[in-house]
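See structure below.
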Number of protein chains: 4
Amino acid sequence: MTVKVGILGASGYTGGELVRILSRHEGVEITHITSQRFAGQTMGAIFPHLQGVLDLTCQPMDVDRAAEVCELVFCALPHVTSMEVVPALLEKGLKVVDLSADFRLRDADIYAEWYGKAHLAPGLLSKAAYGLPELNRASIKVARLVANPGCYPTSVQLALAPLLAAGLIETDGMVVDSKSGASGAGRAPAQGTLYTEVSDGFKSYKMTGHRHTPEIEQELARIAGEDLTIRFTPHLLPQIRGIFSTCYVRPKEMLSLDEWRKVYDDFYASEPFVQLALEGASPATGNVRGSNRCDLGVFPDPRSGWLTVLSVIDNLVKGASGQAVQNMNLMCGFEETLGLSQAPLFP
Amino acid sequence: MTVKVGILGASGYTGGELVRILSRHEGVEITHITSQRFAGQTMGAIFPHLQGVLDLTCQPMDVDRAAEVCELVFCALPHVTSMEVVPALLEKGLKVVDLSADFRLRDADIYAEWYGKAHLAPGLLSKAAYGLPELNRASIKVARLVANPGCYPTSVQLALAPLLAAGLIETDGMVVDSKSGASGAGRAPAQGTLYTEVSDGFKSYKMTGHRHTPEIEQELARIAGEDLTIRFTPHLLPQIRGIFSTCYVRPKEMLSLDEWRKVYDDFYASEPFVQLALEGASPATGNVRGSNRCDLGVFPDPRSGWLTVLSVIDNLVKGASGQAVQNMNLMCGFEETLGLSQAPLFP
Amino acid sequence: MTVKVGILGASGYTGGELVRILSRHEGVEITHITSQRFAGQTMGAIFPHLQGVLDLTCQPMDVDRAAEVCELVFCALPHVTSMEVVPALLEKGLKVVDLSADFRLRDADIYAEWYGKAHLAPGLLSKAAYGLPELNRASIKVARLVANPGCYPTSVQLALAPLLAAGLIETDGMVVDSKSGASGAGRAPAQGTLYTEVSDGFKSYKMTGHRHTPEIEQELARIAGEDLTIRFTPHLLPQIRGIFSTCYVRPKEMLSLDEWRKVYDDFYASEPFVQLALEGASPATGNVRGSNRCDLGVFPDPRSGWLTVLSVIDNLVKGASGQAVQNMNLMCGFEETLGLSQAPLFP
Amino acid sequence: MTVKVGILGASGYTGGELVRILSRHEGVEITHITSQRFAGQTMGAIFPHLQGVLDLTCQPMDVDRAAEVCELVFCALPHVTSMEVVPALLEKGLKVVDLSADFRLRDADIYAEWYGKAHLAPGLLSKAAYGLPELNRASIKVARLVANPGCYPTSVQLALAPLLAAGLIETDGMVVDSKSGASGAGRAPAQGTLYTEVSDGFKSYKMTGHRHTPEIEQELARIAGEDLTIRFTPHLLPQIRGIFSTCYVRPKEMLSLDEWRKVYDDFYASEPFVQLALEGASPATGNVRGSNRCDLGVFPDPRSGWLTVLSVIDNLVKGASGQAVQNMNLMCGFEETLGLSQAPLFP
């Protein structure tokens, strides 16, 4: 028996990635895809790599239609747009995995401050499960609405959770220096993400405040059990996929390399998608390309007193669509790894 | 019941790609991997993207050991080295898919001329099946030794077979302008394939004669039923994977676009891995990345009298390891697409 | 004494490149730059690499203003837009180097056919000099309007002129397989030129007819002294700058490699910007990056009867702004290489 | 009158870059180039982009010969090799700009600790001028041996000098997260710098101690007037040129953005090669490509208490060969910018 799923916003990169993964998932049937801009076009016309992979045509958004043919929908819509449809979808009895930022923050005021718009469904904020399975599996399993985490927040939480949960580091003064591939900016044409502007170059952006900052702080605080503030700096990498976060934290006590590695090995011992890179090696974005994996590294530096934690994910998979499928697996009672066992593509 | 397979030469890119594909293949168990240079190391140490994917350690080459634990082996060894071990492997009763060039040419003299070395097992040349399933399925099914085609030859044969088989084009004067990603050059360090030398640049190479020329000519001649000579020019692309072949041929009679497209649609109607790109669109290497697919395009130009055929594959998949698994599936009685249904990775 | 020059359309890539070159040119002063879209902004705001290089602010287009402060203007405007202003600029007594396609074709009907619009100043077509100095120096020196050649046409003409001028090849059946970096598509945002769409991929485009085709044919015919038709196929490279043209032609008589090389060495003996790559080496786009150079290679293939000529330029320099400055040097009586002696940037 | 200069180690990337710059420098004549590996070959054969730029042949290393034909030499030799020849060159009366690390550290013990070899000429360490002109101009002008700074140290010192010199920040707890293009690894073939390994990926390296750490600390300490320890983390970017350093420091008092910008504007007011990027914009490596420029950005974050300083250079120009020429200009009494005014190449 298969679950009927829909993808709202199938013409963006996360939508295409959902099709790539779900079209090979044994437990589901994709019954419905939508796109405002490309309504009436087939997936193969929108994304030639999906020609022959999924023979469906994009529909305009229509909650009633979605409710008719789906049991669960993935909302791969832009921020703000998502909260316009999610309440109706839930009312129709659908389960929802929302890939936008609209249901990630618990506090509607903080949402309004960072996204510049009052929240349309503040009552749902406390009901949405925050969809990072490694830290939040129980609540996801029973949720009807899952807020799929941001790409940067996923990489940072998986990096720091073992330390914060065990109270091993100071919670103030943390520095997170993150680098993202260009696919994080989506498929909408913009001068700043042209090939000519991104290739063979590197820069920072949103130095005065990236919207993932409050999400990271909210969730790290939840893990730590206390409020905290981080310095989060995103950069744009000349590469397609991949997020690399270099996290600098202050240990309460400087342990040995072996001890730090044991903290991580123990914390993630039973996790299928998270592992430490081999000792001495840096995680690398190329090693997780196309997979739902998160590779970590931990490097103590007694000279300076800093502990550095490295974290890599594929922003479109573990940072978006792969994690969304992982959440769906939990919500629908499938094995958590179903459809997600593809090995990384390298080189 | 699973087939026990080995990979000889597992530390090169085609070896790593075989592990990526076979580790998720339901019909096989990888029981044996070898590497001269990295003997004693795990796959995860050699290829970090395979950490946690396959927990085996590379062995030195040992035919007896391979025969003990395998039923079929993939030889991902360098040219010349391969023919040193294949005869012994066959004698031990193993089935062999050889990814080198050593058993592709039918004529030992031509081999010697282009590879600079007398063939060590000329008697096997007529017994090896040429492993392009779309053109040669019957002989592969019953073969004990399959010579896996070269990457360029795969892209060119799939492009031109429908035309040559039907006798629709002149067999002289054909021009094949091919472009390959850098992974075709392998993982051995060389100045010419450093990032700094390849990135943001483009050049031709082996202008006076690439070794794939006789292979292409041999197989196109077999399809056409007559000898022929082509002008084959390879170029090095600043990209990791992918081959793009632009083929210029002279139609005996210039048909309409619809007629040309019908030739291809009919020829490949039942093929799971070959398709025409949508009308008007160019095939693109990015659309087949990581998959076993070949996308084609056909463009008549009545102004000049030329017919242009475009062909793209992932050189490491349909151009090497994916095709090798496709051949194994045929040799072992599996469904031909088993383990190869992964959708392309884009962007 | 310096010549006062203006750049109309300074906010595109060719405009920025003109500023890069002219700001270091001893014979000129940039007195005027325009941009419709970025009027009121400084060059440093539009192009941060020019911050501190040129302290001028973009003006809206105004022919009277241009005539007041300039003696010569470069029109780096889009096709069709250019012919709207060039006649007025000439009437005001300005010299004009036009980088658009508007004055390259001699025949207004062919222009209308390929550019979809009737020509607004057909009377100027016969008066404009075609600005490829190596083939047309005398007429450029005395011209008041120079039509700066297209990037592809520049690479192809320099490749084939020595052969056609000497009548050494057949004029029918020529195949030109060209590859261009993404900067050729300009700075206007478009899905097809996003980093994510171009990087690590390769495709053809405009397979049914690129607008540079009639320009190439017109000029090759002029050199050959007879009408001719070519098969021209452009492709999009995952690189920023550079055009690589692989030209396949039929020699009337197959000469030796040395003889072919002598044809080129003699033809370009006194040219400062054109040279043969060393024997055996392929020209490479990376070797001319940022320079006004054209590197060529010639490779006879007696097996197939084809002669292959390779040609590389930087599309923004010798294929656009560098060549425009070379033309200006000729029109103003400067040394032809003035401001253009910068060595290529590699790696 | 021109100065006769030699380049020892001309076949590496910094050697090629010296030729690119010096071949267009009005004050010098290149009279001598050496290469162990490529002795007997022309620059055009070693670096095709220099074909026609410099017609000299590489010689084997020979101090006597160098002394005969040069007044000043650039040592672009590997670490350790350089200190074997520099003493003899100085004895012969030559001026020397040494691009290796051999004369950058003041303390021979620290050199031995980080470079694994006892210093061969410890007496010269105190006599070498540290060649960062913006901070050390006076001593460079009178030096006979200049130790050209490392690429990372250049970017970091220019970023932090205005703050440390004025005592505006805490000297402990500084974090420097740096990213470098692949050209920093040189032209020697290695698996880790193959195109296939670097492209479309990102990783850290030398997490447990990069050799530039003591150089950065030594020079920052000199500026600050007190010892200090930093956390320095280098990463490898999928790009050819460029270093980007993100520096996190603790202000003693958090000033306003305008105040921080004024600190930098004032400090570098008369410097031709250093500037702040426009307000709100991130510096970007693409904006300094091929030029001797350093672009900076300063971003206070009162939320977290951190001040972030961004710094970009072209590692082969301001981070190596361009700075070497700047030093030579000072040593020889030329205008400091001579031969270095080339504008950056973008896109």
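Convention: chains lettered A, B, ... in structure tokens order; per-chain residue numbering from 1; ligands numbered from 1 as shown.
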| task | Just the strand (DSSP E or B) stuff from range 32-262 of chain C, please, per backbone DSSP, written as JSON, numbers by chain. | result | {"C": [32, 33, 34, 42, 57, 59, 72, 73, 74, 75, 95, 96, 97, 98, 129, 130, 145, 146, 147, 169, 174, 175, 176, 177, 178, 179, 180, 194, 203, 204, 230, 231, 232, 233, 234, 235, 236, 243, 244, 245, 246, 247, 248, 249, 251]}
Please produce, as JSON lines, a per-residue contact table for chain B versus chain C (criterion: any atom at most 6 Å away, only C-alpha atoms considered), showing the nearest atom pair and its distance in Å to one decimal, sorted by chain then residue number.
```
{"residue": "B:Thr196", "atom": "CA", "partner": "C:Pro347", "partner_atom": "CA", "distance": 5.8}
{"residue": "B:Asp200", "atom": "CA", "partner": "C:Gln239", "partner_atom": "CA", "distance": 4.5}
{"residue": "B:Gly201", "atom": "CA", "partner": "C:Gly286", "partner_atom": "CA", "distance": 4.6}
{"residue": "B:Phe202", "atom": "CA", "partner": "C:Thr285", "partner_atom": "CA", "distance": 5.5}
{"residue": "B:Lys203", "atom": "CA", "partner": "C:Ala284", "partner_atom": "CA", "distance": 4.5}
{"residue": "B:Ser204", "atom": "CA", "partner": "C:Ser282", "partner_atom": "CA", "distance": 5.5}
{"residue": "B:Thr229", "atom": "CA", "partner": "C:Ser304", "partner_atom": "CA", "distance": 5.9}
{"residue": "B:Ile230", "atom": "CA", "partner": "C:Ser304", "partner_atom": "CA", "distance": 5.9}
{"residue": "B:Arg231", "atom": "CA", "partner": "C:Ser304", "partner_atom": "CA", "distance": 5.8}
{"residue": "B:Gln239", "atom": "CA", "partner": "C:Asp200", "partner_atom": "CA", "distance": 4.5}
{"residue": "B:Ser282", "atom": "CA", "partner": "C:Ser204", "partner_atom": "CA", "distance": 5.5}
{"residue": "B:Ala284", "atom": "CA", "partner": "C:Lys203", "partner_atom": "CA", "distance": 4.5}
{"residue": "B:Thr285", "atom": "CA", "partner": "C:Gly201", "partner_atom": "CA", "distance": 5.2}
{"residue": "B:Gly286", "atom": "CA", "partner": "C:Gly201", "partner_atom": "CA", "distance": 4.6}
{"residue": "B:Ser304", "atom": "CA", "partner": "C:Arg231", "partner_atom": "CA", "distance": 5.8}
{"residue": "B:Pro347", "atom": "CA", "partner": "C:Thr196", "partner_atom": "CA", "distance": 5.8}
```
With N, CA, C and O atoms kept, could you save the residues just selected as a PDB file, in the first residue's frame?
```pdb
ATOM      1  N   THR B 196      43.597  23.963 -11.138  1.00  0.00           N
ATOM      2  CA  THR B 196      44.054  25.241 -11.695  1.00  0.00           C
ATOM      3  C   THR B 196      44.258  25.201 -13.200  1.00  0.00           C
ATOM      4  O   THR B 196      44.188  26.230 -13.867  1.00  0.00           O
ATOM      5  N   ASP B 200      37.790  26.814 -15.598  1.00  0.00           N
ATOM      6  CA  ASP B 200      37.631  28.058 -16.347  1.00  0.00           C
ATOM      7  C   ASP B 200      38.457  28.055 -17.643  1.00  0.00           C
ATOM      8  O   ASP B 200      38.911  29.115 -18.099  1.00  0.00           O
ATOM      9  N   GLY B 201      38.646  26.875 -18.222  1.00  0.00           N
ATOM     10  CA  GLY B 201      39.386  26.780 -19.472  1.00  0.00           C
ATOM     11  C   GLY B 201      38.853  25.644 -20.316  1.00  0.00           C
ATOM     12  O   GLY B 201      38.049  24.827 -19.858  1.00  0.00           O
ATOM     13  N   PHE B 202      39.301  25.585 -21.533  1.00  0.00           N
ATOM     14  CA  PHE B 202      38.829  24.562 -22.466  1.00  0.00           C
ATOM     15  C   PHE B 202      39.885  24.365 -23.522  1.00  0.00           C
ATOM     16  O   PHE B 202      40.465  25.316 -24.018  1.00  0.00           O
ATOM     17  N   LYS B 203      40.144  23.110 -23.851  1.00  0.00           N
ATOM     18  CA  LYS B 203      41.127  22.829 -24.887  1.00  0.00           C
ATOM     19  C   LYS B 203      40.842  21.478 -25.510  1.00  0.00           C
ATOM     20  O   LYS B 203      40.082  20.673 -24.969  1.00  0.00           O
ATOM     21  N   SER B 204      41.456  21.227 -26.631  1.00  0.00           N
ATOM     22  CA  SER B 204      41.416  19.921 -27.247  1.00  0.00           C
ATOM     23  C   SER B 204      42.607  19.108 -26.742  1.00  0.00           C
ATOM     24  O   SER B 204      43.484  19.630 -26.052  1.00  0.00           O
ATOM     25  N   THR B 229      35.630   5.633 -41.971  1.00  0.00           N
ATOM     26  CA  THR B 229      36.630   6.428 -41.263  1.00  0.00           C
ATOM     27  C   THR B 229      35.965   7.698 -40.776  1.00  0.00           C
ATOM     28  O   THR B 229      35.201   8.315 -41.511  1.00  0.00           O
ATOM     29  N   ILE B 230      36.242   8.068 -39.524  1.00  0.00           N
ATOM     30  CA  ILE B 230      35.646   9.295 -38.994  1.00  0.00           C
ATOM     31  C   ILE B 230      36.742  10.277 -38.610  1.00  0.00           C
ATOM     32  O   ILE B 230      37.910   9.910 -38.459  1.00  0.00           O
ATOM     33  N   ARG B 231      36.351  11.554 -38.448  1.00  0.00           N
ATOM     34  CA  ARG B 231      37.235  12.532 -37.825  1.00  0.00           C
ATOM     35  C   ARG B 231      36.725  12.718 -36.406  1.00  0.00           C
ATOM     36  O   ARG B 231      35.645  13.263 -36.192  1.00  0.00           O
ATOM     37  N   GLN B 239      34.483  20.447 -16.227  1.00  0.00           N
ATOM     38  CA  GLN B 239      33.402  19.875 -15.430  1.00  0.00           C
ATOM     39  C   GLN B 239      33.844  18.483 -15.018  1.00  0.00           C
ATOM     40  O   GLN B 239      34.785  17.923 -15.584  1.00  0.00           O
ATOM     41  N   SER B 282      18.384  21.165 -26.391  1.00  0.00           N
ATOM     42  CA  SER B 282      19.641  20.438 -26.502  1.00  0.00           C
ATOM     43  C   SER B 282      19.759  19.473 -25.341  1.00  0.00           C
ATOM     44  O   SER B 282      19.428  19.825 -24.203  1.00  0.00           O
ATOM     45  N   ALA B 284      21.860  17.893 -22.409  1.00  0.00           N
ATOM     46  CA  ALA B 284      22.842  18.583 -21.572  1.00  0.00           C
ATOM     47  C   ALA B 284      23.443  17.569 -20.624  1.00  0.00           C
ATOM     48  O   ALA B 284      22.731  16.724 -20.073  1.00  0.00           O
ATOM     49  N   THR B 285      24.738  17.668 -20.427  1.00  0.00           N
ATOM     50  CA  THR B 285      25.396  16.688 -19.553  1.00  0.00           C
ATOM     51  C   THR B 285      24.823  16.745 -18.143  1.00  0.00           C
ATOM     52  O   THR B 285      24.730  15.722 -17.473  1.00  0.00           O
ATOM     53  N   GLY B 286      24.429  17.935 -17.694  1.00  0.00           N
ATOM     54  CA  GLY B 286      23.869  18.074 -16.351  1.00  0.00           C
ATOM     55  C   GLY B 286      22.583  17.279 -16.149  1.00  0.00           C
ATOM     56  O   GLY B 286      22.224  16.962 -15.026  1.00  0.00           O
ATOM     57  N   SER B 304      22.811  23.859 -44.914  1.00  0.00           N
ATOM     58  CA  SER B 304      24.169  23.385 -45.144  1.00  0.00           C
ATOM     59  C   SER B 304      24.215  21.933 -45.594  1.00  0.00           C
ATOM     60  O   SER B 304      25.268  21.442 -46.007  1.00  0.00           O
ATOM     61  N   PRO B 347      20.099  20.352  -9.749  1.00  0.00           N
ATOM     62  CA  PRO B 347      21.335  20.910 -10.271  1.00  0.00           C
ATOM     63  C   PRO B 347      22.507  20.319  -9.477  1.00  0.00           C
ATOM     64  O   PRO B 347      22.299  19.590  -8.530  1.00  0.00           O
TER      65      PRO B 347
END
```
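Of note, CA of Ile30 in chain A and CA of Lys4 in chain A are spaced 6.0 Å apart.
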Pick the closest to Leu72 in chain A from A:Ser256, A:Thr2, A:Asn136, A:Ser321: which is it, counting only C-alpha atoms?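 For Leu72 in chain A, the nearest of the given residues is A:Thr2.
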(Q) Could you list, as a ChimeraX atom specification, every residue within 9 Å of Ala143 in chain A, counting only C-alpha atoms and ignoring same-chain residues fewer than 6 positions away? (A) /A:95-96,127-129,331
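The two atoms in question, CA of Cys70 in chain A and CA of Ser183 in chain A, are spaced 28.1 Å apart.
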Could you give me, as a PDB file with C-alpha atoms, in the first residue's frame, each residue of range 68-197 of chain A that DSSP assigns to alpha helix (DSSP H) when run on this structure's backbone?
```pdb
ATOM      1  CA  GLU A  68      -8.835  14.986  -3.218  1.00  0.00           C
ATOM      2  CA  VAL A  69      -5.785  13.174  -4.516  1.00  0.00           C
ATOM      3  CA  THR A  81       3.202  32.024   0.564  1.00  0.00           C
ATOM      4  CA  SER A  82       3.341  28.810   2.512  1.00  0.00           C
ATOM      5  CA  MET A  83       1.450  30.049   5.534  1.00  0.00           C
ATOM      6  CA  GLU A  84      -1.338  31.169   3.227  1.00  0.00           C
ATOM      7  CA  VAL A  85      -2.203  27.578   2.299  1.00  0.00           C
ATOM      8  CA  VAL A  86      -1.001  25.359   5.128  1.00  0.00           C
ATOM      9  CA  PRO A  87      -3.960  26.000   7.465  1.00  0.00           C
ATOM     10  CA  ALA A  88      -6.454  25.019   4.754  1.00  0.00           C
ATOM     11  CA  LEU A  89      -4.466  21.919   3.895  1.00  0.00           C
ATOM     12  CA  LEU A  90      -4.510  20.813   7.513  1.00  0.00           C
ATOM     13  CA  GLU A  91      -8.216  21.484   7.773  1.00  0.00           C
ATOM     14  CA  ALA A 108       5.226  35.067  15.944  1.00  0.00           C
ATOM     15  CA  ASP A 109       6.884  38.353  16.894  1.00  0.00           C
ATOM     16  CA  ILE A 110      10.312  37.080  15.973  1.00  0.00           C
ATOM     17  CA  TYR A 111       8.857  35.803  12.716  1.00  0.00           C
ATOM     18  CA  ALA A 112       7.422  39.241  11.966  1.00  0.00           C
ATOM     19  CA  GLU A 113      10.705  40.913  12.850  1.00  0.00           C
ATOM     20  CA  TRP A 114      12.866  38.769  10.554  1.00  0.00           C
ATOM     21  CA  TYR A 115      10.424  38.063   7.736  1.00  0.00           C
ATOM     22  CA  PRO A 133      14.673  13.832  13.252  1.00  0.00           C
ATOM     23  CA  GLU A 134      17.984  13.272  15.002  1.00  0.00           C
ATOM     24  CA  LEU A 135      16.927  15.667  17.753  1.00  0.00           C
ATOM     25  CA  ASN A 136      13.181  15.540  17.602  1.00  0.00           C
ATOM     26  CA  ARG A 137      12.057  12.156  16.361  1.00  0.00           C
ATOM     27  CA  ALA A 138       9.238  11.512  18.802  1.00  0.00           C
ATOM     28  CA  SER A 139       7.305  14.682  18.091  1.00  0.00           C
ATOM     29  CA  ILE A 140       7.677  14.302  14.329  1.00  0.00           C
ATOM     30  CA  LYS A 141       6.173  10.818  14.398  1.00  0.00           C
ATOM     31  CA  CYS A 151      19.723  24.238   5.535  1.00  0.00           C
ATOM     32  CA  TYR A 152      22.133  26.272   7.653  1.00  0.00           C
ATOM     33  CA  PRO A 153      20.264  25.434  10.894  1.00  0.00           C
ATOM     34  CA  THR A 154      20.419  21.725  10.094  1.00  0.00           C
ATOM     35  CA  SER A 155      24.173  21.802   9.624  1.00  0.00           C
ATOM     36  CA  VAL A 156      24.765  23.851  12.768  1.00  0.00           C
ATOM     37  CA  GLN A 157      22.446  21.912  15.082  1.00  0.00           C
ATOM     38  CA  LEU A 158      23.916  18.568  14.102  1.00  0.00           C
ATOM     39  CA  ALA A 159      27.365  20.051  14.715  1.00  0.00           C
ATOM     40  CA  LEU A 160      26.696  21.471  18.161  1.00  0.00           C
ATOM     41  CA  ALA A 161      23.941  19.343  19.685  1.00  0.00           C
ATOM     42  CA  PRO A 162      26.258  16.757  21.249  1.00  0.00           C
ATOM     43  CA  LEU A 163      28.206  19.515  22.998  1.00  0.00           C
ATOM     44  CA  LEU A 164      25.252  21.610  24.123  1.00  0.00           C
ATOM     45  CA  ALA A 165      23.140  18.684  25.227  1.00  0.00           C
ATOM     46  CA  TYR A 195      27.278  31.889 -13.437  1.00  0.00           C
ATOM     47  CA  THR A 196      29.544  34.804 -14.292  1.00  0.00           C
ATOM     48  CA  GLU A 197      29.021  36.417 -10.896  1.00  0.00           C
TER      49      GLU A 197
END
```
Q.
Need the shell around Ala190 in chain C: protein/DNA/RNA residues with any atom at most 9 Å away, counting only C-alpha atoms. Skip same-chain ones fewer than 3 positions apart. Format as a ChimeraX atom specification?
A. /A:188-191,194 /C:187,193-194
